[in-house]
Amino acid sequence: MNPSTPAFSGNTEHLSVLLRAVEQCDISIWNNWRTTNPAIRPALTGVTLEGAVLFDANLAESNIGNANLRNCQMMGANLRGAILAGTDLDGANLFGANCQGANFCNSSLRGVTLRCSMQGCILEGANLERADMIGTDFTGARLAGASFRNAEAFGARFRNAILTGADLSGINLGTADLFKAECNEAVFSDASLLGATFSEASLRHASFCRADLSNSYFNSATLIAADLSGAKLAFANLMEADLRDAIFRGTNLQGAVLMNAKLTGADLRNVNMSLSNLTMADLAEANLTNANLTGALMVGTDLRRATLRGCLIFGISPWEVLAEDADQQDLVVTKLNHPQITVDDIEMAQFIYLLLNNAKVRRAVDTITSKIVLILGRFSPERKSVLDAVRDQLRACNYVPVLFDFNRPESLDEVETVTLLARMARFIIADLTEPHCVPDELRSIVPDVEVPVLPIIEGDTPYGTFGTLRKYPWVLDIHRYRGIEDLLASFDESVVVPAENMAREIGSRKALRNN
């Protein structure tokens with residue numbers, strides 16, 4: 001137990017009291033001396049106390065820098081504010097010790113047992129490889145450049161701690177709390193981080209290669225340019241996380257929550273993102289080549305200029321996706337291990353799959369392309385009977401009548417809507433009896449939409465400018481009628497037959513143009 005004379009540079013009187021307590025196995029000798037001399041800050045720099053028993057020793061604010069405390073038993077010791085910079089604590093046991101504010105800068109704590117309070121301590125450049133830190137509280141600690149390789153830190157707390165450049169490879173940080181921790185350029189490769197919390201943490205350029213982060217929390221964390229290659233992030237919470245330019249090659253993000261996350265320019269090649277929630281996520285310019293997006297939820301997702309080649313997209317839910325200038329090729333819409341069907345548009349994929357696998361959808365498409373008849377007019381209460389008669393007659397002829405009533409102020413939205421409906425229709429019936437907005441709508445539709453338009457009128461004279469539309473061959477002769485009975489009596493011969501003949505003629509012309 002004698003001090004190593006060349007290394008010891010502390011106060012010999014202080015050391016003699018401590019040695020006496022250690023040799024007599026009575027730490028109260030030391031603690032009573034501290035109580036009697038409260039103003040003294042023990043100077044024990046360079047002391048050698050390897051293997052000493054220092055249970056409950058009061059070493060608060062002591063200077064024990066560059067000392068040899070290997071394998072010391074320091075359970076319950078008070079090291080609050082102590083200086084242990086450069087000290088060798090390999091194998092020491094500090095279970096239950098109070099190390100708040102202590103300075104362990106560049107110390108060696110390999111295999112040490114902490115399980116104590118390390119709040120606000122300084123461990124910059126310290127070596128804690130294989131340390132037992134289960135439940136240890138490092139809140140506010142300064143741990144930049146420290147090594148925690150293969151340490152056991154299940155349930156530890158690192159809230160607001162500084163871990164910049166720290167090496168945590170292979171560490172077990174299961175359920176650990178790193179809320180608002182600064183971990184820029186830290187290394188968590190091969191670490192176990194199941195259920196760990198990194199909410200609002202700063203992790204720029206951090207490395208999580210092959211780490212297990214399943215069920216972890218990264219909401220609102222900053223992971224710009226972080227490397228998560230091969231990591232497990234199944235069912236992790238990354239809501240509103242900043243993952244710009246992050247690397248996810250081969251990462252498992254199954255079921256992960258990425259709502260409002262920033263993934264601009266991220267490398268997501270070969271990533272499993274099945275069942276993930278990408279609502280409002282920003283994936284602009286991201287590379288998702290060969291990613292598995294099976295069952296992913298994409299509501300308002302930004303995919304502009306993203307690369308989406310060879311992705312698995314069975315069961316995907318894309319709604320209001322932004323995909324301008326996205327590179328979309330060979331998107332697989334079928335299940336794994338099924339014959340592949342590919343498309344080149346993520347928004348079209350859902351429809352194509354339903355078309356192939358849902359008879360009701362196929363019938364609906366058939367209805368849209370061959371059964372819909374658009375009825376244009378102003379159907380005031382006085383003319384409701386005419387509307388009902390036209391509808392019933394179309395239904396009897398196996399058509400699906402779609403009414404667009406112009407009994408509202410005209411707007412751009414109405415023009416766009418009626419034009420879309422016109423493109424879907426087999427033919428259009430336009431009632432010119434009380435034209436109101438019908439003339440303007442026909443002027444918008446007829447020049448651009450090649451679909452039969454059959455005008456009907458109760459009376460003799462249409463509105464004055466109607467004649468300008470007659471130059472388009474798909475605008476048919478006006479059918480004039482005298483009341484509902486007259487209209488119904490001649491409906492098939494004067495309305496349906498000429499409209500169908502023109503529809504077939506238009507179809508033939510389109511087929512010739514396509515060939």
# chains A, B, ... in the order shown; residues from 1 in each chain; ligands from 1
>>> residues_around(residues="Arg383 (chain A)", least_positions_apart="5", cutoff="10 Å", atoms="only C-alpha atoms", output="PDB file with C-alpha atoms, in the first residue's frame")
ATOM      1  CA  GLY A 377     -78.157  21.657 -68.132  1.00  0.00           C
ATOM      2  CA  ARG A 378     -79.869  23.935 -65.676  1.00  0.00           C
ATOM      3  CA  ASP A 388     -85.935  12.477 -64.110  1.00  0.00           C
ATOM      4  CA  THR A 433     -83.757  24.860 -73.104  1.00  0.00           C
ATOM      5  CA  GLU A 434     -82.583  27.104 -70.262  1.00  0.00           C
TER       6      GLU A 434
END
>>> residues_around(residues="region 81-89 of chain A", least_positions_apart="6", cutoff="7 Å", atoms="only C-alpha atoms", output="ChimeraX atom specification")
/A:59-71,100-109,112
>>> select_by_dssp(residues="region 73-321 of chain A", states="strand (DSSP E or B)", output="PyMOL selection string")
chain A and resi 73+78+83+88+93+98+103+108+113+117+122+127+132+137+142+147+152+157+162+167+172+177+182+187+192+197+202+207+212+217+222+227+232+237+242+247+252+257+262+267+272+277+282+287+292+297-299+302+307-309+312+317-319
>>> closest_residue(among="A:Asn398, A:Ser444, A:Asn237, A:Ser207", to="Thr417 (chain A)", atoms="only C-alpha atoms")
A:Ser444
>>> residues_around(residues="region 148-150 of chain A", least_positions_apart="5", cutoff="12 Å", atoms="only C-alpha atoms", output="ChimeraX atom specification")
/A:108-112,123-133,143,163,165-173,186-192
>>> write_last_selection(atoms="N, CA and C atoms", output="compact mmCIF listing (two decimals), in the first residue's frame")
# COMPACT_ATOMS: atom_id res chain seq x y z
N SER A 108 -8.76 5.75 -17.17
CA SER A 108 -9.04 4.41 -17.66
C SER A 108 -9.99 3.73 -16.70
N LEU A 109 -11.18 3.38 -17.20
CA LEU A 109 -12.19 2.73 -16.35
C LEU A 109 -12.65 1.43 -17.00
N ARG A 110 -11.74 0.71 -17.63
CA ARG A 110 -12.10 -0.53 -18.28
C ARG A 110 -12.61 -1.55 -17.27
N GLY A 111 -13.79 -2.10 -17.58
CA GLY A 111 -14.36 -3.12 -16.71
C GLY A 111 -14.83 -2.58 -15.37
N VAL A 112 -14.93 -1.27 -15.23
CA VAL A 112 -15.36 -0.69 -13.96
C VAL A 112 -16.85 -0.94 -13.74
N LEU A 123 -15.79 13.04 -18.37
CA LEU A 123 -15.16 11.79 -18.78
C LEU A 123 -14.59 11.92 -20.19
N GLU A 124 -14.23 13.13 -20.55
CA GLU A 124 -13.69 13.36 -21.90
C GLU A 124 -12.42 12.54 -22.11
N GLY A 125 -12.46 11.73 -23.17
CA GLY A 125 -11.30 10.92 -23.51
C GLY A 125 -11.10 9.73 -22.59
N ALA A 126 -12.03 9.47 -21.66
CA ALA A 126 -11.88 8.35 -20.74
C ALA A 126 -12.14 7.03 -21.45
N ASN A 127 -11.60 5.96 -20.89
CA ASN A 127 -11.78 4.62 -21.45
C ASN A 127 -12.67 3.81 -20.50
N LEU A 128 -13.90 3.53 -20.94
CA LEU A 128 -14.84 2.76 -20.13
C LEU A 128 -15.22 1.46 -20.84
N GLU A 129 -14.29 0.89 -21.57
CA GLU A 129 -14.58 -0.35 -22.29
C GLU A 129 -15.00 -1.44 -21.32
N ARG A 130 -16.07 -2.15 -21.70
CA ARG A 130 -16.63 -3.26 -20.92
C ARG A 130 -17.08 -2.83 -19.52
N ALA A 131 -17.31 -1.55 -19.31
CA ALA A 131 -17.76 -1.08 -18.00
C ALA A 131 -19.21 -1.50 -17.75
N ASP A 132 -19.52 -1.70 -16.47
CA ASP A 132 -20.89 -2.01 -16.05
C ASP A 132 -21.54 -0.70 -15.63
N MET A 133 -22.42 -0.17 -16.49
CA MET A 133 -23.03 1.12 -16.23
C MET A 133 -24.56 1.01 -16.19
N LEU A 143 -18.73 13.74 -22.06
CA LEU A 143 -18.17 12.43 -22.40
C LEU A 143 -17.54 12.43 -23.79
N LEU A 163 -21.62 13.66 -25.95
CA LEU A 163 -20.94 12.44 -26.36
C LEU A 163 -20.28 12.62 -27.73
N GLY A 165 -18.11 12.52 -30.71
CA GLY A 165 -16.95 11.71 -31.05
C GLY A 165 -16.72 10.51 -30.16
N ALA A 166 -17.65 10.21 -29.26
CA ALA A 166 -17.48 9.06 -28.36
C ALA A 166 -17.62 7.75 -29.14
N ASP A 167 -16.95 6.71 -28.66
CA ASP A 167 -17.01 5.39 -29.28
C ASP A 167 -17.88 4.49 -28.39
N LEU A 168 -19.09 4.19 -28.87
CA LEU A 168 -20.01 3.34 -28.12
C LEU A 168 -20.27 2.04 -28.88
N SER A 169 -19.28 1.60 -29.65
CA SER A 169 -19.44 0.38 -30.43
C SER A 169 -19.74 -0.81 -29.52
N GLY A 170 -20.75 -1.58 -29.90
CA GLY A 170 -21.05 -2.80 -29.16
C GLY A 170 -21.68 -2.59 -27.80
N ILE A 171 -21.97 -1.35 -27.43
CA ILE A 171 -22.56 -1.08 -26.11
C ILE A 171 -24.00 -1.56 -26.05
N ASN A 172 -24.47 -1.92 -24.87
CA ASN A 172 -25.89 -2.22 -24.66
C ASN A 172 -26.54 -1.02 -24.00
N LEU A 173 -27.31 -0.28 -24.81
CA LEU A 173 -28.01 0.89 -24.31
C LEU A 173 -29.53 0.68 -24.37
N ALA A 186 -20.52 10.53 -33.06
CA ALA A 186 -20.36 9.39 -32.16
C ALA A 186 -20.55 8.09 -32.95
N VAL A 187 -19.96 7.00 -32.43
CA VAL A 187 -20.03 5.71 -33.11
C VAL A 187 -20.83 4.73 -32.25
N PHE A 188 -21.96 4.23 -32.81
CA PHE A 188 -22.81 3.27 -32.12
C PHE A 188 -22.86 1.95 -32.90
N SER A 189 -21.83 1.68 -33.69
CA SER A 189 -21.84 0.49 -34.54
C SER A 189 -21.99 -0.78 -33.70
N ASP A 190 -22.85 -1.69 -34.20
CA ASP A 190 -23.07 -3.00 -33.56
C ASP A 190 -23.63 -2.89 -32.15
N ALA A 191 -24.13 -1.73 -31.77
CA ALA A 191 -24.67 -1.53 -30.43
C ALA A 191 -26.10 -2.07 -30.34
N SER A 192 -26.50 -2.39 -29.13
CA SER A 192 -27.89 -2.78 -28.87
C SER A 192 -28.59 -1.60 -28.23
>>> residues_around(residues="Leu243 (chain A)", least_positions_apart="3", cutoff="6 Å", atoms="only C-alpha atoms", output="JSON, numbers by chain")
{"A": [223, 224, 246, 262, 263]}
>>> residues_around(residues="Met502 (chain A)", least_positions_apart="3", cutoff="12 Å", atoms="only C-alpha atoms", output="PDB file with N, CA and C atoms, in the first residue's frame")
ATOM      1  N   ARG A 426     -69.205   8.406 -72.204  1.00  0.00           N
ATOM      2  CA  ARG A 426     -69.433   7.785 -73.519  1.00  0.00           C
ATOM      3  C   ARG A 426     -69.972   8.840 -74.468  1.00  0.00           C
ATOM      4  N   PHE A 427     -70.929   9.637 -74.016  1.00  0.00           N
ATOM      5  CA  PHE A 427     -71.411  10.788 -74.774  1.00  0.00           C
ATOM      6  C   PHE A 427     -72.059  11.774 -73.813  1.00  0.00           C
ATOM      7  N   ILE A 428     -72.362  12.964 -74.316  1.00  0.00           N
ATOM      8  CA  ILE A 428     -72.899  14.052 -73.510  1.00  0.00           C
ATOM      9  C   ILE A 428     -74.258  14.457 -74.063  1.00  0.00           C
ATOM     10  N   GLU A 450     -62.809  15.165 -77.511  1.00  0.00           N
ATOM     11  CA  GLU A 450     -63.474  14.527 -78.650  1.00  0.00           C
ATOM     12  C   GLU A 450     -64.448  13.473 -78.128  1.00  0.00           C
ATOM     13  N   VAL A 451     -65.644  13.925 -77.758  1.00  0.00           N
ATOM     14  CA  VAL A 451     -66.680  13.044 -77.244  1.00  0.00           C
ATOM     15  C   VAL A 451     -68.008  13.514 -77.835  1.00  0.00           C
ATOM     16  N   PRO A 452     -68.896  12.607 -78.238  1.00  0.00           N
ATOM     17  CA  PRO A 452     -70.160  13.022 -78.854  1.00  0.00           C
ATOM     18  C   PRO A 452     -70.976  13.938 -77.939  1.00  0.00           C
ATOM     19  N   VAL A 453     -71.452  15.041 -78.490  1.00  0.00           N
ATOM     20  CA  VAL A 453     -72.328  15.967 -77.769  1.00  0.00           C
ATOM     21  C   VAL A 453     -73.653  16.021 -78.529  1.00  0.00           C
ATOM     22  N   LEU A 454     -74.722  15.580 -77.861  1.00  0.00           N
ATOM     23  CA  LEU A 454     -76.036  15.613 -78.496  1.00  0.00           C
ATOM     24  C   LEU A 454     -76.893  16.650 -77.777  1.00  0.00           C
ATOM     25  N   TYR A 472     -67.351  21.283 -85.251  1.00  0.00           N
ATOM     26  CA  TYR A 472     -66.733  20.069 -84.704  1.00  0.00           C
ATOM     27  C   TYR A 472     -67.639  18.891 -85.015  1.00  0.00           C
ATOM     28  N   PRO A 473     -67.141  17.882 -85.687  1.00  0.00           N
ATOM     29  CA  PRO A 473     -68.007  16.780 -86.150  1.00  0.00           C
ATOM     30  C   PRO A 473     -68.668  15.991 -85.021  1.00  0.00           C
ATOM     31  N   TRP A 474     -68.082  16.019 -83.814  1.00  0.00           N
ATOM     32  CA  TRP A 474     -68.690  15.272 -82.703  1.00  0.00           C
ATOM     33  C   TRP A 474     -69.848  16.029 -82.039  1.00  0.00           C
ATOM     34  N   VAL A 475     -70.138  17.264 -82.509  1.00  0.00           N
ATOM     35  CA  VAL A 475     -71.334  17.971 -82.051  1.00  0.00           C
ATOM     36  C   VAL A 475     -72.466  17.625 -83.026  1.00  0.00           C
ATOM     37  N   LEU A 476     -73.452  16.882 -82.568  1.00  0.00           N
ATOM     38  CA  LEU A 476     -74.502  16.338 -83.429  1.00  0.00           C
ATOM     39  C   LEU A 476     -75.653  17.327 -83.603  1.00  0.00           C
ATOM     40  N   ASP A 477     -76.547  16.982 -84.495  1.00  0.00           N
ATOM     41  CA  ASP A 477     -77.713  17.829 -84.742  1.00  0.00           C
ATOM     42  C   ASP A 477     -78.575  17.926 -83.482  1.00  0.00           C
ATOM     43  N   VAL A 495     -81.639  10.149 -79.891  1.00  0.00           N
ATOM     44  CA  VAL A 495     -80.579  10.519 -78.935  1.00  0.00           C
ATOM     45  C   VAL A 495     -79.523   9.419 -78.851  1.00  0.00           C
ATOM     46  N   VAL A 496     -79.936   8.226 -78.445  1.00  0.00           N
ATOM     47  CA  VAL A 496     -78.963   7.151 -78.175  1.00  0.00           C
ATOM     48  C   VAL A 496     -78.278   6.690 -79.463  1.00  0.00           C
ATOM     49  N   VAL A 497     -79.053   6.415 -80.510  1.00  0.00           N
ATOM     50  CA  VAL A 497     -78.458   5.838 -81.728  1.00  0.00           C
ATOM     51  C   VAL A 497     -77.438   6.775 -82.366  1.00  0.00           C
ATOM     52  N   PRO A 498     -77.764   8.069 -82.604  1.00  0.00           N
ATOM     53  CA  PRO A 498     -76.734   8.941 -83.205  1.00  0.00           C
ATOM     54  C   PRO A 498     -75.527   9.159 -82.291  1.00  0.00           C
ATOM     55  N   ALA A 499     -75.751   9.213 -80.979  1.00  0.00           N
ATOM     56  CA  ALA A 499     -74.623   9.391 -80.052  1.00  0.00           C
ATOM     57  C   ALA A 499     -73.713   8.175 -80.071  1.00  0.00           C
ATOM     58  N   GLU A 505     -67.493   5.919 -84.199  1.00  0.00           N
ATOM     59  CA  GLU A 505     -66.687   6.571 -85.239  1.00  0.00           C
ATOM     60  C   GLU A 505     -65.446   7.220 -84.632  1.00  0.00           C
ATOM     61  N   ILE A 506     -65.608   7.884 -83.489  1.00  0.00           N
ATOM     62  CA  ILE A 506     -64.464   8.494 -82.798  1.00  0.00           C
ATOM     63  C   ILE A 506     -63.475   7.424 -82.366  1.00  0.00           C
ATOM     64  N   GLY A 507     -63.993   6.305 -81.863  1.00  0.00           N
ATOM     65  CA  GLY A 507     -63.126   5.207 -81.450  1.00  0.00           C
ATOM     66  C   GLY A 507     -62.308   4.676 -82.602  1.00  0.00           C
ATOM     67  N   SER A 508     -62.922   4.558 -83.769  1.00  0.00           N
ATOM     68  CA  SER A 508     -62.200   4.055 -84.950  1.00  0.00           C
ATOM     69  C   SER A 508     -61.106   5.020 -85.366  1.00  0.00           C
ATOM     70  N   ARG A 509     -61.426   6.320 -85.333  1.00  0.00           N
ATOM     71  CA  ARG A 509     -60.403   7.310 -85.714  1.00  0.00           C
ATOM     72  C   ARG A 509     -59.209   7.263 -84.766  1.00  0.00           C
TER      73      ARG A 509
END
